[in-house]
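Next comes data-v6.cif, with mmCIF, N, CA and C atoms.
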```
data_upload
loop_
_atom_site.label_atom_id
_atom_site.label_comp_id
_atom_site.auth_asym_id
_atom_site.auth_seq_id
_atom_site.Cartn_x
_atom_site.Cartn_y
_atom_site.Cartn_z
N MET T 1 91.64 12.79 75.42
CA MET T 1 92.56 13.45 76.34
C MET T 1 93.50 14.39 75.59
N LEU T 2 93.78 14.11 74.32
CA LEU T 2 94.64 15.02 73.58
C LEU T 2 93.99 16.39 73.46
N LEU T 3 92.70 16.41 73.17
CA LEU T 3 92.01 17.70 73.09
C LEU T 3 92.00 18.38 74.46
N ALA T 4 91.71 17.62 75.48
CA ALA T 4 91.67 18.20 76.82
C ALA T 4 93.04 18.74 77.21
N ASP T 5 94.07 18.00 76.86
CA ASP T 5 95.42 18.41 77.23
C ASP T 5 95.80 19.73 76.59
N GLY T 6 95.40 19.94 75.35
CA GLY T 6 95.78 21.16 74.65
C GLY T 6 94.84 22.32 74.89
N ARG T 7 93.62 22.05 75.31
CA ARG T 7 92.63 23.12 75.40
C ARG T 7 92.17 23.43 76.82
N LEU T 8 92.29 22.50 77.72
CA LEU T 8 91.90 22.76 79.10
C LEU T 8 93.09 23.32 79.87
N PRO T 9 92.83 24.12 80.88
CA PRO T 9 93.95 24.63 81.70
C PRO T 9 94.47 23.55 82.64
N ALA T 10 95.03 22.49 82.06
CA ALA T 10 95.49 21.36 82.85
C ALA T 10 97.00 21.20 82.83
N GLY T 11 97.72 22.09 82.17
CA GLY T 11 99.17 22.10 82.25
C GLY T 11 99.91 21.19 81.29
N GLY T 12 99.26 20.17 80.74
CA GLY T 12 99.96 19.23 79.88
C GLY T 12 100.55 19.85 78.63
N TYR T 13 99.94 20.90 78.16
CA TYR T 13 100.44 21.58 76.96
C TYR T 13 101.80 22.20 77.20
N ALA T 14 102.17 22.39 78.44
CA ALA T 14 103.45 23.05 78.77
C ALA T 14 104.51 22.04 79.21
N HIS T 15 104.21 20.76 79.14
CA HIS T 15 105.17 19.75 79.59
C HIS T 15 105.59 18.88 78.41
N SER T 16 106.87 18.77 78.17
CA SER T 16 107.38 18.07 76.99
C SER T 16 107.58 16.57 77.21
N GLY T 17 107.37 16.09 78.42
CA GLY T 17 107.57 14.67 78.68
C GLY T 17 109.03 14.24 78.64
N GLY T 18 109.93 15.19 78.76
CA GLY T 18 111.35 14.89 78.75
C GLY T 18 112.04 15.11 77.42
N LEU T 19 111.28 15.52 76.40
CA LEU T 19 111.88 15.73 75.09
C LEU T 19 112.88 16.88 75.10
N GLU T 20 112.54 17.98 75.72
CA GLU T 20 113.46 19.13 75.74
C GLU T 20 114.80 18.78 76.39
N PRO T 21 114.81 18.13 77.57
CA PRO T 21 116.10 17.73 78.13
C PRO T 21 116.87 16.75 77.25
N ALA T 22 116.14 15.87 76.54
CA ALA T 22 116.81 14.93 75.64
C ALA T 22 117.48 15.66 74.48
N VAL T 23 116.84 16.70 73.98
CA VAL T 23 117.45 17.52 72.91
C VAL T 23 118.68 18.24 73.46
N THR T 24 118.52 18.84 74.64
CA THR T 24 119.63 19.57 75.25
C THR T 24 120.83 18.67 75.51
N ALA T 25 120.55 17.42 75.89
CA ALA T 25 121.63 16.46 76.18
C ALA T 25 122.23 15.87 74.91
N GLY T 26 121.66 16.20 73.75
CA GLY T 26 122.21 15.71 72.49
C GLY T 26 121.74 14.32 72.10
N ARG T 27 120.70 13.81 72.74
CA ARG T 27 120.20 12.47 72.40
C ARG T 27 119.13 12.51 71.31
N VAL T 28 118.58 13.68 71.02
CA VAL T 28 117.57 13.82 69.97
C VAL T 28 118.04 14.91 69.02
N HIS T 29 118.21 14.51 67.75
CA HIS T 29 118.75 15.44 66.75
C HIS T 29 117.80 15.72 65.60
N ASP T 30 117.00 14.72 65.22
CA ASP T 30 116.17 14.86 64.03
C ASP T 30 114.82 14.16 64.23
N ILE T 31 114.02 14.12 63.18
CA ILE T 31 112.69 13.54 63.26
C ILE T 31 112.74 12.06 63.65
N ALA T 32 113.71 11.33 63.13
CA ALA T 32 113.83 9.91 63.48
C ALA T 32 114.10 9.75 64.98
N ASP T 33 114.92 10.63 65.53
CA ASP T 33 115.19 10.59 66.97
C ASP T 33 113.95 10.94 67.78
N VAL T 34 113.17 11.92 67.29
CA VAL T 34 111.91 12.28 67.98
C VAL T 34 110.97 11.08 67.97
N GLU T 35 110.87 10.42 66.82
CA GLU T 35 110.00 9.24 66.73
C GLU T 35 110.46 8.16 67.72
N ALA T 36 111.75 7.89 67.75
CA ALA T 36 112.27 6.87 68.67
C ALA T 36 112.02 7.27 70.12
N PHE T 37 112.18 8.56 70.43
CA PHE T 37 111.92 9.04 71.78
C PHE T 37 110.46 8.81 72.16
N LEU T 38 109.54 9.17 71.25
CA LEU T 38 108.11 9.04 71.53
C LEU T 38 107.68 7.58 71.65
N VAL T 39 108.24 6.72 70.81
CA VAL T 39 107.94 5.29 70.93
C VAL T 39 108.44 4.77 72.28
N GLY T 40 109.64 5.18 72.65
CA GLY T 40 110.18 4.78 73.95
C GLY T 40 109.33 5.24 75.11
N ARG T 41 108.86 6.48 75.05
CA ARG T 41 107.97 6.99 76.11
C ARG T 41 106.67 6.21 76.15
N ALA T 42 106.10 5.93 74.98
CA ALA T 42 104.83 5.19 74.93
C ALA T 42 104.98 3.78 75.50
N GLU T 43 106.13 3.14 75.23
CA GLU T 43 106.35 1.77 75.67
C GLU T 43 106.79 1.66 77.12
N THR T 44 107.15 2.77 77.73
CA THR T 44 107.60 2.73 79.13
C THR T 44 106.63 3.54 80.00
N ALA T 45 106.85 4.82 80.09
CA ALA T 45 106.01 5.68 80.94
C ALA T 45 104.56 5.67 80.47
N GLY T 46 104.33 5.62 79.17
CA GLY T 46 102.97 5.60 78.65
C GLY T 46 102.22 4.33 79.04
N LEU T 47 102.91 3.21 78.99
CA LEU T 47 102.30 1.94 79.36
C LEU T 47 101.92 1.93 80.84
N ILE T 48 102.81 2.42 81.68
CA ILE T 48 102.52 2.50 83.12
C ILE T 48 101.34 3.43 83.37
N ALA T 49 101.35 4.61 82.75
CA ALA T 49 100.26 5.57 82.93
C ALA T 49 98.93 4.96 82.48
N ALA T 50 98.93 4.28 81.35
CA ALA T 50 97.69 3.67 80.84
C ALA T 50 97.17 2.59 81.79
N ALA T 51 98.07 1.78 82.32
CA ALA T 51 97.66 0.73 83.25
C ALA T 51 97.04 1.32 84.51
N PHE T 52 97.64 2.37 85.03
CA PHE T 52 97.11 2.98 86.24
C PHE T 52 95.82 3.73 85.97
N ALA T 53 95.70 4.37 84.82
CA ALA T 53 94.44 5.03 84.46
C ALA T 53 93.33 4.00 84.34
N ALA T 54 93.62 2.86 83.72
CA ALA T 54 92.61 1.80 83.58
C ALA T 54 92.20 1.24 84.94
N ALA T 55 93.18 1.04 85.82
CA ALA T 55 92.87 0.53 87.16
C ALA T 55 92.01 1.52 87.94
N ALA T 56 92.32 2.79 87.83
CA ALA T 56 91.53 3.81 88.52
C ALA T 56 90.11 3.88 87.96
N CYS T 57 89.98 3.74 86.64
CA CYS T 57 88.64 3.72 86.01
C CYS T 57 87.84 2.53 86.49
N ALA T 58 88.48 1.38 86.58
CA ALA T 58 87.78 0.18 87.04
C ALA T 58 87.28 0.36 88.47
N GLN T 59 88.11 0.95 89.31
CA GLN T 59 87.68 1.18 90.69
C GLN T 59 86.54 2.19 90.75
N ALA T 60 86.64 3.25 89.96
CA ALA T 60 85.60 4.27 89.97
C ALA T 60 84.28 3.71 89.47
N SER T 61 84.33 2.85 88.45
CA SER T 61 83.08 2.30 87.91
C SER T 61 82.42 1.35 88.89
N ARG T 62 83.21 0.72 89.74
CA ARG T 62 82.66 -0.17 90.77
C ARG T 62 82.38 0.60 92.06
N GLU T 63 82.70 1.88 92.05
CA GLU T 63 82.61 2.73 93.23
C GLU T 63 83.44 2.16 94.38
N ASP T 64 84.54 1.52 94.00
CA ASP T 64 85.49 0.95 94.95
C ASP T 64 86.65 1.93 95.07
N LEU T 65 86.40 3.03 95.75
CA LEU T 65 87.39 4.09 95.81
C LEU T 65 88.35 3.94 96.98
N GLY T 66 88.17 2.92 97.78
CA GLY T 66 89.01 2.74 98.95
C GLY T 66 90.46 2.42 98.65
N THR T 67 90.74 1.90 97.48
CA THR T 67 92.12 1.52 97.18
C THR T 67 92.84 2.54 96.30
N LEU T 68 92.25 3.71 96.11
CA LEU T 68 92.95 4.74 95.34
C LEU T 68 94.27 5.14 96.00
N ASP T 69 94.29 5.15 97.32
CA ASP T 69 95.54 5.46 98.01
C ASP T 69 96.61 4.43 97.69
N ASP T 70 96.20 3.16 97.57
CA ASP T 70 97.14 2.10 97.21
C ASP T 70 97.67 2.32 95.79
N LEU T 71 96.78 2.67 94.86
CA LEU T 71 97.22 2.94 93.49
C LEU T 71 98.19 4.11 93.46
N ASP T 72 97.87 5.14 94.24
CA ASP T 72 98.74 6.32 94.29
C ASP T 72 100.14 5.93 94.79
N ALA T 73 100.20 5.14 95.84
CA ALA T 73 101.49 4.71 96.39
C ALA T 73 102.24 3.82 95.39
N GLU T 74 101.52 2.92 94.71
CA GLU T 74 102.14 2.06 93.72
C GLU T 74 102.72 2.87 92.55
N LEU T 75 101.99 3.90 92.13
CA LEU T 75 102.49 4.73 91.04
C LEU T 75 103.70 5.53 91.48
N ASP T 76 103.67 6.02 92.71
CA ASP T 76 104.85 6.70 93.26
C ASP T 76 106.09 5.80 93.16
N ALA T 77 105.91 4.53 93.49
CA ALA T 77 107.03 3.59 93.48
C ALA T 77 107.56 3.33 92.07
N ARG T 78 106.73 3.56 91.07
CA ARG T 78 107.15 3.30 89.69
C ARG T 78 107.69 4.54 88.99
N ILE T 79 107.69 5.66 89.67
CA ILE T 79 108.27 6.88 89.12
C ILE T 79 109.47 7.23 89.99
N PRO T 80 110.66 6.76 89.62
CA PRO T 80 111.82 6.89 90.50
C PRO T 80 112.30 8.32 90.71
N SER T 81 112.07 9.20 89.77
CA SER T 81 112.58 10.56 89.87
C SER T 81 111.63 11.45 90.67
N PRO T 82 112.12 12.10 91.72
CA PRO T 82 111.27 13.03 92.48
C PRO T 82 110.70 14.14 91.60
N GLU T 83 111.48 14.58 90.62
CA GLU T 83 111.00 15.65 89.74
C GLU T 83 109.83 15.16 88.88
N LEU T 84 109.93 13.94 88.36
CA LEU T 84 108.84 13.40 87.54
C LEU T 84 107.60 13.09 88.38
N ARG T 85 107.79 12.65 89.63
CA ARG T 85 106.64 12.47 90.52
C ARG T 85 105.93 13.79 90.74
N LYS T 86 106.70 14.85 90.93
CA LYS T 86 106.10 16.18 91.14
C LYS T 86 105.34 16.62 89.89
N VAL T 87 105.91 16.41 88.72
CA VAL T 87 105.24 16.78 87.47
C VAL T 87 103.93 16.01 87.34
N SER T 88 103.96 14.69 87.61
CA SER T 88 102.75 13.88 87.51
C SER T 88 101.66 14.41 88.45
N ARG T 89 102.07 14.77 89.64
CA ARG T 89 101.10 15.28 90.62
C ARG T 89 100.61 16.69 90.24
N ASP T 90 101.50 17.53 89.76
CA ASP T 90 101.09 18.87 89.32
C ASP T 90 100.08 18.78 88.17
N LEU T 91 100.39 17.94 87.18
CA LEU T 91 99.49 17.77 86.05
C LEU T 91 98.17 17.14 86.48
N GLY T 92 98.23 16.21 87.42
CA GLY T 92 97.01 15.59 87.94
C GLY T 92 96.14 16.58 88.69
N ARG T 93 96.77 17.41 89.50
CA ARG T 93 96.03 18.42 90.26
C ARG T 93 95.34 19.40 89.31
N GLN T 94 96.07 19.83 88.29
CA GLN T 94 95.50 20.78 87.34
C GLN T 94 94.38 20.15 86.52
N LEU T 95 94.55 18.90 86.10
CA LEU T 95 93.51 18.23 85.34
C LEU T 95 92.28 17.98 86.21
N ARG T 96 92.50 17.57 87.45
CA ARG T 96 91.37 17.35 88.37
C ARG T 96 90.58 18.64 88.57
N ARG T 97 91.28 19.73 88.76
CA ARG T 97 90.61 21.02 88.96
C ARG T 97 89.77 21.39 87.73
N ALA T 98 90.34 21.24 86.55
CA ALA T 98 89.62 21.58 85.33
C ALA T 98 88.41 20.66 85.13
N MET T 99 88.60 19.36 85.31
CA MET T 99 87.50 18.42 85.10
C MET T 99 86.42 18.57 86.17
N SER T 100 86.79 18.93 87.37
CA SER T 100 85.79 19.16 88.42
C SER T 100 84.88 20.33 88.06
N ALA T 101 85.43 21.31 87.38
CA ALA T 101 84.63 22.46 86.95
C ALA T 101 83.74 22.09 85.76
N VAL T 102 84.25 21.23 84.86
CA VAL T 102 83.50 20.85 83.67
C VAL T 102 82.39 19.86 84.02
N ARG T 103 82.75 18.83 84.79
CA ARG T 103 81.79 17.79 85.13
C ARG T 103 82.08 17.27 86.54
N PRO T 104 81.50 17.92 87.55
CA PRO T 104 81.76 17.49 88.93
C PRO T 104 81.39 16.02 89.16
N HIS T 105 82.21 15.36 89.97
CA HIS T 105 81.96 13.96 90.30
C HIS T 105 82.63 13.68 91.64
N PRO T 106 82.01 12.88 92.50
CA PRO T 106 82.62 12.58 93.81
C PRO T 106 84.00 11.94 93.69
N TYR T 107 84.26 11.27 92.58
CA TYR T 107 85.56 10.63 92.38
C TYR T 107 86.69 11.65 92.49
N TYR T 108 86.50 12.83 91.94
CA TYR T 108 87.57 13.84 91.96
C TYR T 108 87.90 14.25 93.39
N ASP T 109 86.88 14.35 94.23
CA ASP T 109 87.12 14.71 95.63
C ASP T 109 87.92 13.63 96.35
N ARG T 110 87.69 12.39 96.01
CA ARG T 110 88.36 11.27 96.66
C ARG T 110 89.84 11.18 96.29
N LEU T 111 90.23 11.84 95.21
CA LEU T 111 91.61 11.75 94.75
C LEU T 111 92.60 12.52 95.63
N GLY T 112 92.12 13.40 96.47
CA GLY T 112 93.02 14.16 97.31
C GLY T 112 93.53 15.42 96.62
N ARG T 113 94.44 16.09 97.29
CA ARG T 113 94.90 17.40 96.84
C ARG T 113 95.82 17.34 95.61
N ALA T 114 96.68 16.34 95.53
CA ALA T 114 97.65 16.29 94.43
C ALA T 114 97.77 14.86 93.90
N PRO T 115 96.75 14.40 93.17
CA PRO T 115 96.80 13.04 92.63
C PRO T 115 97.71 12.95 91.41
N HIS T 116 98.20 11.77 91.14
CA HIS T 116 98.97 11.57 89.91
C HIS T 116 98.05 11.72 88.70
N GLN T 117 98.58 12.23 87.61
CA GLN T 117 97.79 12.48 86.41
C GLN T 117 97.05 11.22 85.90
N PRO T 118 97.69 10.05 85.83
CA PRO T 118 96.95 8.88 85.33
C PRO T 118 95.74 8.53 86.18
N LEU T 119 95.77 8.78 87.48
CA LEU T 119 94.61 8.47 88.32
C LEU T 119 93.45 9.41 88.04
N VAL T 120 93.75 10.62 87.63
CA VAL T 120 92.69 11.57 87.25
C VAL T 120 92.14 11.20 85.88
N MET T 121 93.01 10.79 84.97
CA MET T 121 92.55 10.42 83.62
C MET T 121 91.55 9.30 83.69
#
```

Show how you would write the structure in this file as structure tokens.
Amino acid sequence: MLLADGRLPAGGYAHSGGLEPAVTAGRVHDIADVEAFLVGRAETAGLIAAAFAAAACAQASREDLGTLDDLDAELDARIPSPELRKVSRDLGRQLRRAMSAVRPHPYYDRLGRAPHQPLVM
């Protein structure tokens, strides 16, 4: 996904994950602060994203796509900020569009117009 994020037109390359606002707010000053920020993101938002990506993969492999709407609603509930929910959906929509062109699959159609990024992953 790192290669896809940087090379596919999926938008992730243009999203800092909150690092830029943290720098602007004065919470990140040096490399140690960047490391702490990234570890914090991995242990919080990253863990949630990974869990939802794994759940979506499990459903897709069983062709049990009926509960994707439930996963989408559950992920919405775990992203308290409307701005971050929008970013997740924007990145998901862009990744879905790119992956649909690279390797079409019925799963992508089932995700709807603006799925969260982890559900596309």

Given the file shown, enumerate the residues that the PyMOL selection byres ((chain T and resi 89-95) around 7) captures and present them as a PyMOL selection string.
-> chain T and resi 9-12+84-88+96-100+113-121

From the list T:Asp30, T:Glu74, T:Asp69, T:Glu35, the nearest residue to T:Ala51 using only C-alpha atoms is T:Glu74

Could you find all residues in chain T that DSSP calls helix (DSSP H, G or I) from the backbone, and write them as number ranges by chain?
-> T: 2-7, 12-14, 19-24, 31-61, 65-78, 82-102, 106-110, 117-120

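Between atom CA of T:His29 and atom CA of T:Pro82 lies a distance of 26.9 Å.
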
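Between atom C of T:Ile48 and atom C of T:Ala22 the interatomic distance comes to 22.1 Å.
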
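Compared by their closest atoms to T:Tyr108, and using only C-alpha atoms, the residues T:Ala60, T:Ile79, T:Ala45, T:Ala73 rank with T:Ala60 nearest.
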
Rebuild stretch 66-77 of chain T to all heavy atoms - output it as a compact mmCIF listing (two decimals), keeping the file's coordinate frame, please.
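This is the output file part_32.txt:
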```txt
# COMPACT_ATOMS: atom_id res chain seq x y z
N GLY T 66 88.17 2.92 97.78
CA GLY T 66 89.01 2.74 98.95
C GLY T 66 90.46 2.42 98.65
O GLY T 66 91.33 2.66 99.48
N THR T 67 90.74 1.90 97.48
CA THR T 67 92.12 1.52 97.18
C THR T 67 92.84 2.54 96.30
O THR T 67 93.92 2.26 95.81
CB THR T 67 92.16 0.13 96.51
OG1 THR T 67 91.32 0.15 95.36
CG2 THR T 67 91.72 -0.96 97.45
N LEU T 68 92.25 3.71 96.11
CA LEU T 68 92.95 4.74 95.34
C LEU T 68 94.27 5.14 96.00
O LEU T 68 95.24 5.41 95.31
CB LEU T 68 92.07 5.97 95.16
CG LEU T 68 90.96 5.83 94.14
CD1 LEU T 68 90.07 7.06 94.14
CD2 LEU T 68 91.52 5.58 92.76
N ASP T 69 94.29 5.15 97.32
CA ASP T 69 95.54 5.46 98.01
C ASP T 69 96.61 4.43 97.69
O ASP T 69 97.79 4.75 97.54
CB ASP T 69 95.32 5.55 99.52
CG ASP T 69 94.46 6.73 99.92
OD1 ASP T 69 94.38 7.71 99.15
OD2 ASP T 69 93.86 6.68 101.00
N ASP T 70 96.20 3.16 97.57
CA ASP T 70 97.14 2.10 97.21
C ASP T 70 97.67 2.32 95.79
O ASP T 70 98.87 2.18 95.54
CB ASP T 70 96.48 0.73 97.30
CG ASP T 70 96.13 0.35 98.72
OD1 ASP T 70 96.71 0.92 99.66
OD2 ASP T 70 95.26 -0.52 98.89
N LEU T 71 96.78 2.67 94.86
CA LEU T 71 97.22 2.94 93.49
C LEU T 71 98.19 4.11 93.46
O LEU T 71 99.20 4.09 92.76
CB LEU T 71 96.03 3.26 92.59
CG LEU T 71 95.24 2.10 92.02
CD1 LEU T 71 94.07 2.61 91.19
CD2 LEU T 71 96.12 1.20 91.20
N ASP T 72 97.87 5.14 94.24
CA ASP T 72 98.74 6.32 94.29
C ASP T 72 100.14 5.93 94.79
O ASP T 72 101.14 6.34 94.20
CB ASP T 72 98.11 7.37 95.22
CG ASP T 72 98.84 8.68 95.17
OD1 ASP T 72 98.67 9.43 94.19
OD2 ASP T 72 99.60 8.96 96.13
N ALA T 73 100.20 5.14 95.84
CA ALA T 73 101.49 4.71 96.39
C ALA T 73 102.24 3.82 95.39
O ALA T 73 103.46 3.93 95.24
CB ALA T 73 101.28 3.97 97.71
N GLU T 74 101.52 2.92 94.71
CA GLU T 74 102.14 2.06 93.72
C GLU T 74 102.72 2.87 92.55
O GLU T 74 103.79 2.58 92.05
CB GLU T 74 101.14 1.03 93.19
CG GLU T 74 100.76 -0.03 94.18
CD GLU T 74 101.87 -1.03 94.42
OE1 GLU T 74 102.73 -1.22 93.53
OE2 GLU T 74 101.90 -1.62 95.51
N LEU T 75 101.99 3.90 92.13
CA LEU T 75 102.49 4.73 91.04
C LEU T 75 103.70 5.53 91.48
O LEU T 75 104.67 5.68 90.74
CB LEU T 75 101.38 5.65 90.51
CG LEU T 75 101.68 6.42 89.23
CD1 LEU T 75 102.23 5.53 88.14
CD2 LEU T 75 100.43 7.14 88.75
N ASP T 76 103.67 6.02 92.71
CA ASP T 76 104.85 6.70 93.26
C ASP T 76 106.09 5.80 93.16
O ASP T 76 107.17 6.25 92.78
CB ASP T 76 104.62 7.03 94.74
CG ASP T 76 104.48 8.51 95.01
OD1 ASP T 76 104.46 9.32 94.05
OD2 ASP T 76 104.41 8.88 96.19
N ALA T 77 105.91 4.53 93.49
CA ALA T 77 107.03 3.59 93.48
C ALA T 77 107.56 3.33 92.07
O ALA T 77 108.71 2.94 91.90
CB ALA T 77 106.60 2.27 94.12
```
